[in-house]
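Heads up: the structure comes next, in structure tokens.
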Amino acid sequence: MNWNRAKTYLILALLLVNILLGYSIYMEIQANKPRNTYSEEMIRHFHNYLKQHEISLDTTLVEEKDMISPIEVNYLNISETLYPHLFYDFRPYIRVQKGKKLTMAIPLAMIMTEDTDHLEYTEKFIKRYFPDEDMTLKYNSRDEHGEFYYYTPLYKGRPLEEAFLTFQFDDTFHALNITKINIQPRKSSVEEHSVSSPIKAVSQVVSQMAPGSHIIQVELVYYYRPENDSDLLLTERARAFPSWRIQTSDHQFFYVSAIHQ
């Protein structure tokens, strides 16, 4: 046997294995990191377009690499069976409209002192009365009438709109006004789609924004919104579509389909 030749073949084989292993690791890293496939020229044109409309972008736009599907949803009836602790503690203050929309008006003096932190109170309220519901704070605001907190439930880690839980601390009437509407996901559609570019989504709504607007968040959500409140109360089932939610600093929200066409 020619040992020198065998040694050469062995070294070449090991080198080939290392090359293939390195390539495999590189491809895995590339597959698991956020993609940003925008060319420098495209990004430059996009920022010039924003500048022409006097819009500033204060967030990062990152493409989504996962496939996504619309989801079938239905409005979940709100009852004492669903929220026994809530009804036990606040029964006189609870109103449920057509089984779907819960409203409450609780005197502030009954539940808190002047030193109570409003954000902390909303978080504790959710933990006590809706412990099995995963929610995220969409935004909060304050005006001359009081303070407002808007929570949205999450489905597979993404906001599911327009289900919501709101808290309004009303300084005029000294009451905490609570409103809640539940959407229950039933199943995902069999149709899977790639996600469209957030740059494209922002570009589509820039002309609808007031000059001087500041975009502070662009997020992928599931979105369904009836035309008005009466439609919501009559609707049994619907379909929520993947959408880009574009938020400005003055709490304006714009929604664009995220399904790649």
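Residues in the structure tokens are named by chain (A, B, ... in the order shown) and by number from 1 within that chain; ligands are numbered from 1 in the order shown.
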task = Looking only at strand (DSSP E) from DSSP on the backbone, list the matching residues of segment 10-251 of chain A as an MDAnalysis selection string.
result = chainID A and resid 56:57 71:75 94:97 101:107 135:143 146:155 158:161 164:170 175:181 183:188 214:223 237:248
Mind running segment 137-232 of chain A against segment 53-72 of chain A at 12 Å and telling me each contacting residue's nearest atom pair with the distance in Å (one decimal), counting only C-alpha atoms, chain and number ascending, as CSV?
residue,atom,partner,partner_atom,distance
A:Tyr155,CA,A:Ile71,CA,9.9
A:Lys156,CA,A:Ile68,CA,10.9
A:Arg158,CA,A:Ile68,CA,11.3
A:Leu160,CA,A:Ile71,CA,10.0
A:Glu161,CA,A:Ile71,CA,11.7
A:Ile183,CA,A:Glu72,CA,10.0
A:Gln184,CA,A:Glu72,CA,8.6
A:Pro185,CA,A:Glu72,CA,6.0
A:Arg186,CA,A:Glu72,CA,5.4
A:Lys187,CA,A:Glu72,CA,5.4
A:Ser188,CA,A:Ile71,CA,4.2
A:Ser189,CA,A:Pro70,CA,5.5
A:Val190,CA,A:Ser69,CA,7.1
A:Glu191,CA,A:Ser69,CA,5.8
A:Glu192,CA,A:Ser69,CA,4.7
A:His193,CA,A:Met67,CA,5.3
A:Ser194,CA,A:Met67,CA,4.8
A:Val195,CA,A:Glu64,CA,6.1
A:Ser196,CA,A:Glu63,CA,7.8
A:Ser197,CA,A:Glu63,CA,6.0
A:Pro198,CA,A:Leu61,CA,6.2
A:Ile199,CA,A:Leu61,CA,7.0
A:Lys200,CA,A:Leu61,CA,10.5
A:Ala201,CA,A:Leu61,CA,10.4
A:Val202,CA,A:Leu61,CA,9.5
A:Ser203,CA,A:His53,CA,10.6
A:Val205,CA,A:Ile55,CA,10.9
A:Val206,CA,A:His53,CA,7.2
A:Ser207,CA,A:His53,CA,7.2
A:Gln208,CA,A:His53,CA,9.9
A:Met209,CA,A:Ile55,CA,7.9
A:Ala210,CA,A:Ile55,CA,8.1
A:Pro211,CA,A:Glu54,CA,5.0
A:Gly212,CA,A:Glu54,CA,5.2
A:Ser213,CA,A:Ile55,CA,5.2
A:His214,CA,A:Ser56,CA,4.9
A:Ile215,CA,A:Leu57,CA,4.9
A:Ile216,CA,A:Asp58,CA,5.0
A:Gln217,CA,A:Thr59,CA,5.8
A:Val218,CA,A:Leu61,CA,7.0
A:Glu219,CA,A:Leu61,CA,8.9
A:Leu220,CA,A:Glu64,CA,8.5
A:Val221,CA,A:Pro70,CA,10.5
A:Tyr222,CA,A:Pro70,CA,7.6
A:Tyr223,CA,A:Pro70,CA,9.1
A:Tyr224,CA,A:Ile71,CA,9.8
Segment 165-190 of chain A near segment 138-145 of chain A within 9 Å: what's each residue's closest atom pair and its distance in Å to one decimal, counting only C-alpha atoms, ordered by chain then ascending residue number, as CSV?
residue,atom,partner,partner_atom,distance
A:Phe169,CA,A:His145,CA,8.2
A:Asp170,CA,A:His145,CA,5.9
A:Asp171,CA,A:His145,CA,5.5
A:Thr172,CA,A:His145,CA,5.9
A:Phe173,CA,A:His145,CA,8.9
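Between atom CA of Tyr121 of chain A and atom CA of Ser249 of chain A there is a distance of 24.1 Å.
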request  = Do a neighbour search on Glu162 of chain A at 12 Å with only C-alpha atoms, toss out local chain neighbours closer than 2 positions, and write the hits as a PyMOL selection string.
outcome  = chain A and resi 73-75+138+150-154+159-160+164-166+180-184+221-229+232+238-241+245+255
Can I get the selection written as a compact mmCIF listing (two decimals), in the first residue's frame, with N, CA, C and O atoms?
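Result written to part_12.txt:
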# COMPACT_ATOMS: atom_id res chain seq x y z
N VAL A 73 -61.54 33.24 13.43
CA VAL A 73 -61.80 33.69 14.79
C VAL A 73 -63.30 33.78 15.03
O VAL A 73 -64.09 33.88 14.10
N ASN A 74 -63.68 33.71 16.30
CA ASN A 74 -65.05 34.03 16.66
C ASN A 74 -65.05 34.85 17.94
O ASN A 74 -64.08 34.81 18.72
N TYR A 75 -66.10 35.62 18.13
CA TYR A 75 -66.21 36.46 19.32
C TYR A 75 -66.70 35.60 20.47
O TYR A 75 -67.75 34.96 20.40
N LYS A 138 -50.72 47.95 24.11
CA LYS A 138 -50.60 48.54 22.78
C LYS A 138 -50.15 49.99 22.88
O LYS A 138 -49.25 50.43 22.18
N TYR A 150 -54.53 50.76 26.75
CA TYR A 150 -55.15 49.87 25.75
C TYR A 150 -54.29 48.60 25.64
O TYR A 150 -53.13 48.65 25.24
N TYR A 151 -54.89 47.46 26.00
CA TYR A 151 -54.21 46.16 25.92
C TYR A 151 -54.80 45.33 24.78
O TYR A 151 -56.01 45.37 24.52
N THR A 152 -53.93 44.54 24.14
CA THR A 152 -54.33 43.65 23.06
C THR A 152 -53.89 42.22 23.41
O THR A 152 -52.76 42.04 23.86
N PRO A 153 -54.73 41.22 23.19
CA PRO A 153 -54.30 39.84 23.43
C PRO A 153 -53.28 39.39 22.38
O PRO A 153 -53.20 39.97 21.29
N LEU A 154 -52.55 38.34 22.71
CA LEU A 154 -51.54 37.80 21.81
C LEU A 154 -51.96 36.41 21.32
O LEU A 154 -52.53 35.62 22.08
N PRO A 159 -49.87 40.33 18.32
CA PRO A 159 -51.13 40.96 18.71
C PRO A 159 -52.28 40.50 17.83
O PRO A 159 -52.14 40.38 16.61
N LEU A 160 -53.43 40.27 18.47
CA LEU A 160 -54.65 39.87 17.77
C LEU A 160 -55.66 41.00 17.90
O LEU A 160 -56.23 41.24 18.96
N PHE A 164 -59.69 43.56 22.58
CA PHE A 164 -58.98 44.53 23.41
C PHE A 164 -59.52 44.53 24.84
O PHE A 164 -60.61 44.02 25.14
N LEU A 165 -58.73 45.13 25.72
CA LEU A 165 -59.11 45.44 27.09
C LEU A 165 -58.61 46.84 27.36
O LEU A 165 -57.41 47.10 27.25
N THR A 166 -59.52 47.77 27.69
CA THR A 166 -59.10 49.16 27.91
C THR A 166 -59.46 49.59 29.33
O THR A 166 -60.45 49.15 29.91
N LYS A 180 -64.07 45.52 27.46
CA LYS A 180 -63.38 44.30 27.01
C LYS A 180 -64.17 43.59 25.93
O LYS A 180 -65.39 43.41 26.05
N ILE A 181 -63.47 43.20 24.88
CA ILE A 181 -64.04 42.37 23.82
C ILE A 181 -63.05 41.24 23.55
O ILE A 181 -61.85 41.48 23.39
N ASN A 182 -63.56 40.01 23.51
CA ASN A 182 -62.72 38.83 23.30
C ASN A 182 -62.86 38.31 21.88
O ASN A 182 -63.97 38.19 21.36
N ILE A 183 -61.73 37.97 21.27
CA ILE A 183 -61.72 37.21 20.03
C ILE A 183 -61.00 35.91 20.32
O ILE A 183 -59.90 35.91 20.87
N GLN A 184 -61.62 34.81 19.95
CA GLN A 184 -61.03 33.49 20.18
C GLN A 184 -60.56 32.89 18.86
O GLN A 184 -61.37 32.64 17.96
N VAL A 221 -49.06 41.86 12.90
CA VAL A 221 -50.18 41.50 13.78
C VAL A 221 -51.21 40.69 12.99
O VAL A 221 -51.13 40.60 11.75
N TYR A 222 -52.17 40.12 13.71
CA TYR A 222 -53.37 39.57 13.09
C TYR A 222 -54.47 40.62 13.25
O TYR A 222 -54.72 41.10 14.35
N TYR A 223 -55.16 40.92 12.15
CA TYR A 223 -56.07 42.07 12.19
C TYR A 223 -57.41 41.74 11.57
O TYR A 223 -57.51 41.28 10.44
N TYR A 224 -58.45 42.00 12.35
CA TYR A 224 -59.82 41.98 11.83
C TYR A 224 -60.57 43.12 12.49
O TYR A 224 -60.54 43.27 13.72
N ARG A 225 -61.24 43.91 11.70
CA ARG A 225 -62.03 45.01 12.26
C ARG A 225 -63.33 45.14 11.49
O ARG A 225 -63.32 45.37 10.28
N PRO A 226 -64.48 45.00 12.17
CA PRO A 226 -65.76 45.22 11.50
C PRO A 226 -65.93 46.69 11.16
O PRO A 226 -65.21 47.56 11.68
N GLU A 227 -66.89 46.99 10.30
CA GLU A 227 -67.07 48.36 9.85
C GLU A 227 -67.54 49.27 10.97
O GLU A 227 -67.21 50.44 11.01
N ASN A 228 -68.31 48.75 11.91
CA ASN A 228 -68.74 49.57 13.04
C ASN A 228 -69.10 48.66 14.20
O ASN A 228 -69.08 47.44 14.08
N ASP A 229 -69.41 49.25 15.34
CA ASP A 229 -69.64 48.49 16.56
C ASP A 229 -70.82 47.55 16.44
O ASP A 229 -70.81 46.44 16.98
N LEU A 232 -69.88 44.35 14.86
CA LEU A 232 -69.12 43.52 15.79
C LEU A 232 -70.06 42.69 16.65
O LEU A 232 -69.85 41.50 16.86
N ALA A 238 -65.28 35.24 11.91
CA ALA A 238 -64.60 36.12 10.95
C ALA A 238 -63.22 35.55 10.66
O ALA A 238 -62.83 34.51 11.20
N ARG A 239 -62.48 36.24 9.84
CA ARG A 239 -61.10 35.84 9.53
C ARG A 239 -60.19 37.03 9.79
O ARG A 239 -60.44 38.14 9.31
N ALA A 240 -59.15 36.78 10.56
CA ALA A 240 -58.15 37.82 10.86
C ALA A 240 -56.93 37.59 9.96
O ALA A 240 -56.42 36.48 9.88
N PHE A 241 -56.49 38.65 9.31
CA PHE A 241 -55.42 38.54 8.33
C PHE A 241 -54.10 39.09 8.88
O PHE A 241 -54.10 40.08 9.62
N ARG A 245 -48.89 46.63 11.26
CA ARG A 245 -49.47 47.73 12.03
C ARG A 245 -48.41 48.81 12.19
O ARG A 245 -47.35 48.57 12.75
N TYR A 255 -53.00 50.12 9.03
CA TYR A 255 -52.88 48.68 8.82
C TYR A 255 -52.79 48.40 7.32
O TYR A 255 -53.57 48.92 6.52
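Omitting segment 113-118 of chain A and its sequence neighbours fewer than 6 positions away, and counting only C-alpha atoms, the residues within 10 Å are Lys124, Glu147, Phe148, Tyr149, Phe167, Gln168 and Phe169 of chain A.
Atom CA of Met104 of chain A lies 14.9 Å from atom CA of Phe130 of chain A.
One finds atom CA of Gly99 of chain A at 25.7 Å from atom CA of Ile111 of chain A.
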query = Counting only C-alpha atoms, which of A:Ile78, A:Ala105, A:Leu234, A:Leu176 gets nearest to Thr122 of chain A?
reply = A:Leu176
inquiry  = Taking only segment 15-151 of chain A into account, list the residues labelled alpha helix (DSSP H) by DSSP (computed from the backbone), as number ranges by chain.
reply    = A: 15-32, 40-52, 84-90, 108-111, 118-129
query = Counting only C-alpha atoms, what is within 10 Å of Arg91 of chain A, bar same-chain residues fewer than 5 positions away, as number ranges by chain?
reply = A: 80, 84-86, 104
Since we have the selection now, will you write its residues out, keeping N, CA, C and O atoms, as a PDB file, in the first residue's frame?
ATOM      1  N   GLU A  80     -70.388  35.130  33.571  1.00  0.00           N
ATOM      2  CA  GLU A  80     -69.900  34.881  34.926  1.00  0.00           C
ATOM      3  C   GLU A  80     -69.123  33.578  34.993  1.00  0.00           C
ATOM      4  O   GLU A  80     -68.164  33.449  35.763  1.00  0.00           O
ATOM      5  N   PRO A  84     -65.485  34.289  36.909  1.00  0.00           N
ATOM      6  CA  PRO A  84     -66.226  34.255  38.188  1.00  0.00           C
ATOM      7  C   PRO A  84     -65.728  35.271  39.210  1.00  0.00           C
ATOM      8  O   PRO A  84     -66.533  35.881  39.927  1.00  0.00           O
ATOM      9  N   HIS A  85     -64.413  35.476  39.324  1.00  0.00           N
ATOM     10  CA  HIS A  85     -63.871  36.420  40.316  1.00  0.00           C
ATOM     11  C   HIS A  85     -64.265  37.859  39.978  1.00  0.00           C
ATOM     12  O   HIS A  85     -64.572  38.656  40.873  1.00  0.00           O
ATOM     13  N   LEU A  86     -64.267  38.174  38.696  1.00  0.00           N
ATOM     14  CA  LEU A  86     -64.641  39.521  38.259  1.00  0.00           C
ATOM     15  C   LEU A  86     -66.095  39.816  38.618  1.00  0.00           C
ATOM     16  O   LEU A  86     -66.407  40.874  39.177  1.00  0.00           O
ATOM     17  N   MET A 104     -67.574  48.340  32.326  1.00  0.00           N
ATOM     18  CA  MET A 104     -67.640  48.542  33.772  1.00  0.00           C
ATOM     19  C   MET A 104     -67.337  49.999  34.073  1.00  0.00           C
ATOM     20  O   MET A 104     -66.519  50.629  33.389  1.00  0.00           O
TER      21      MET A 104
END
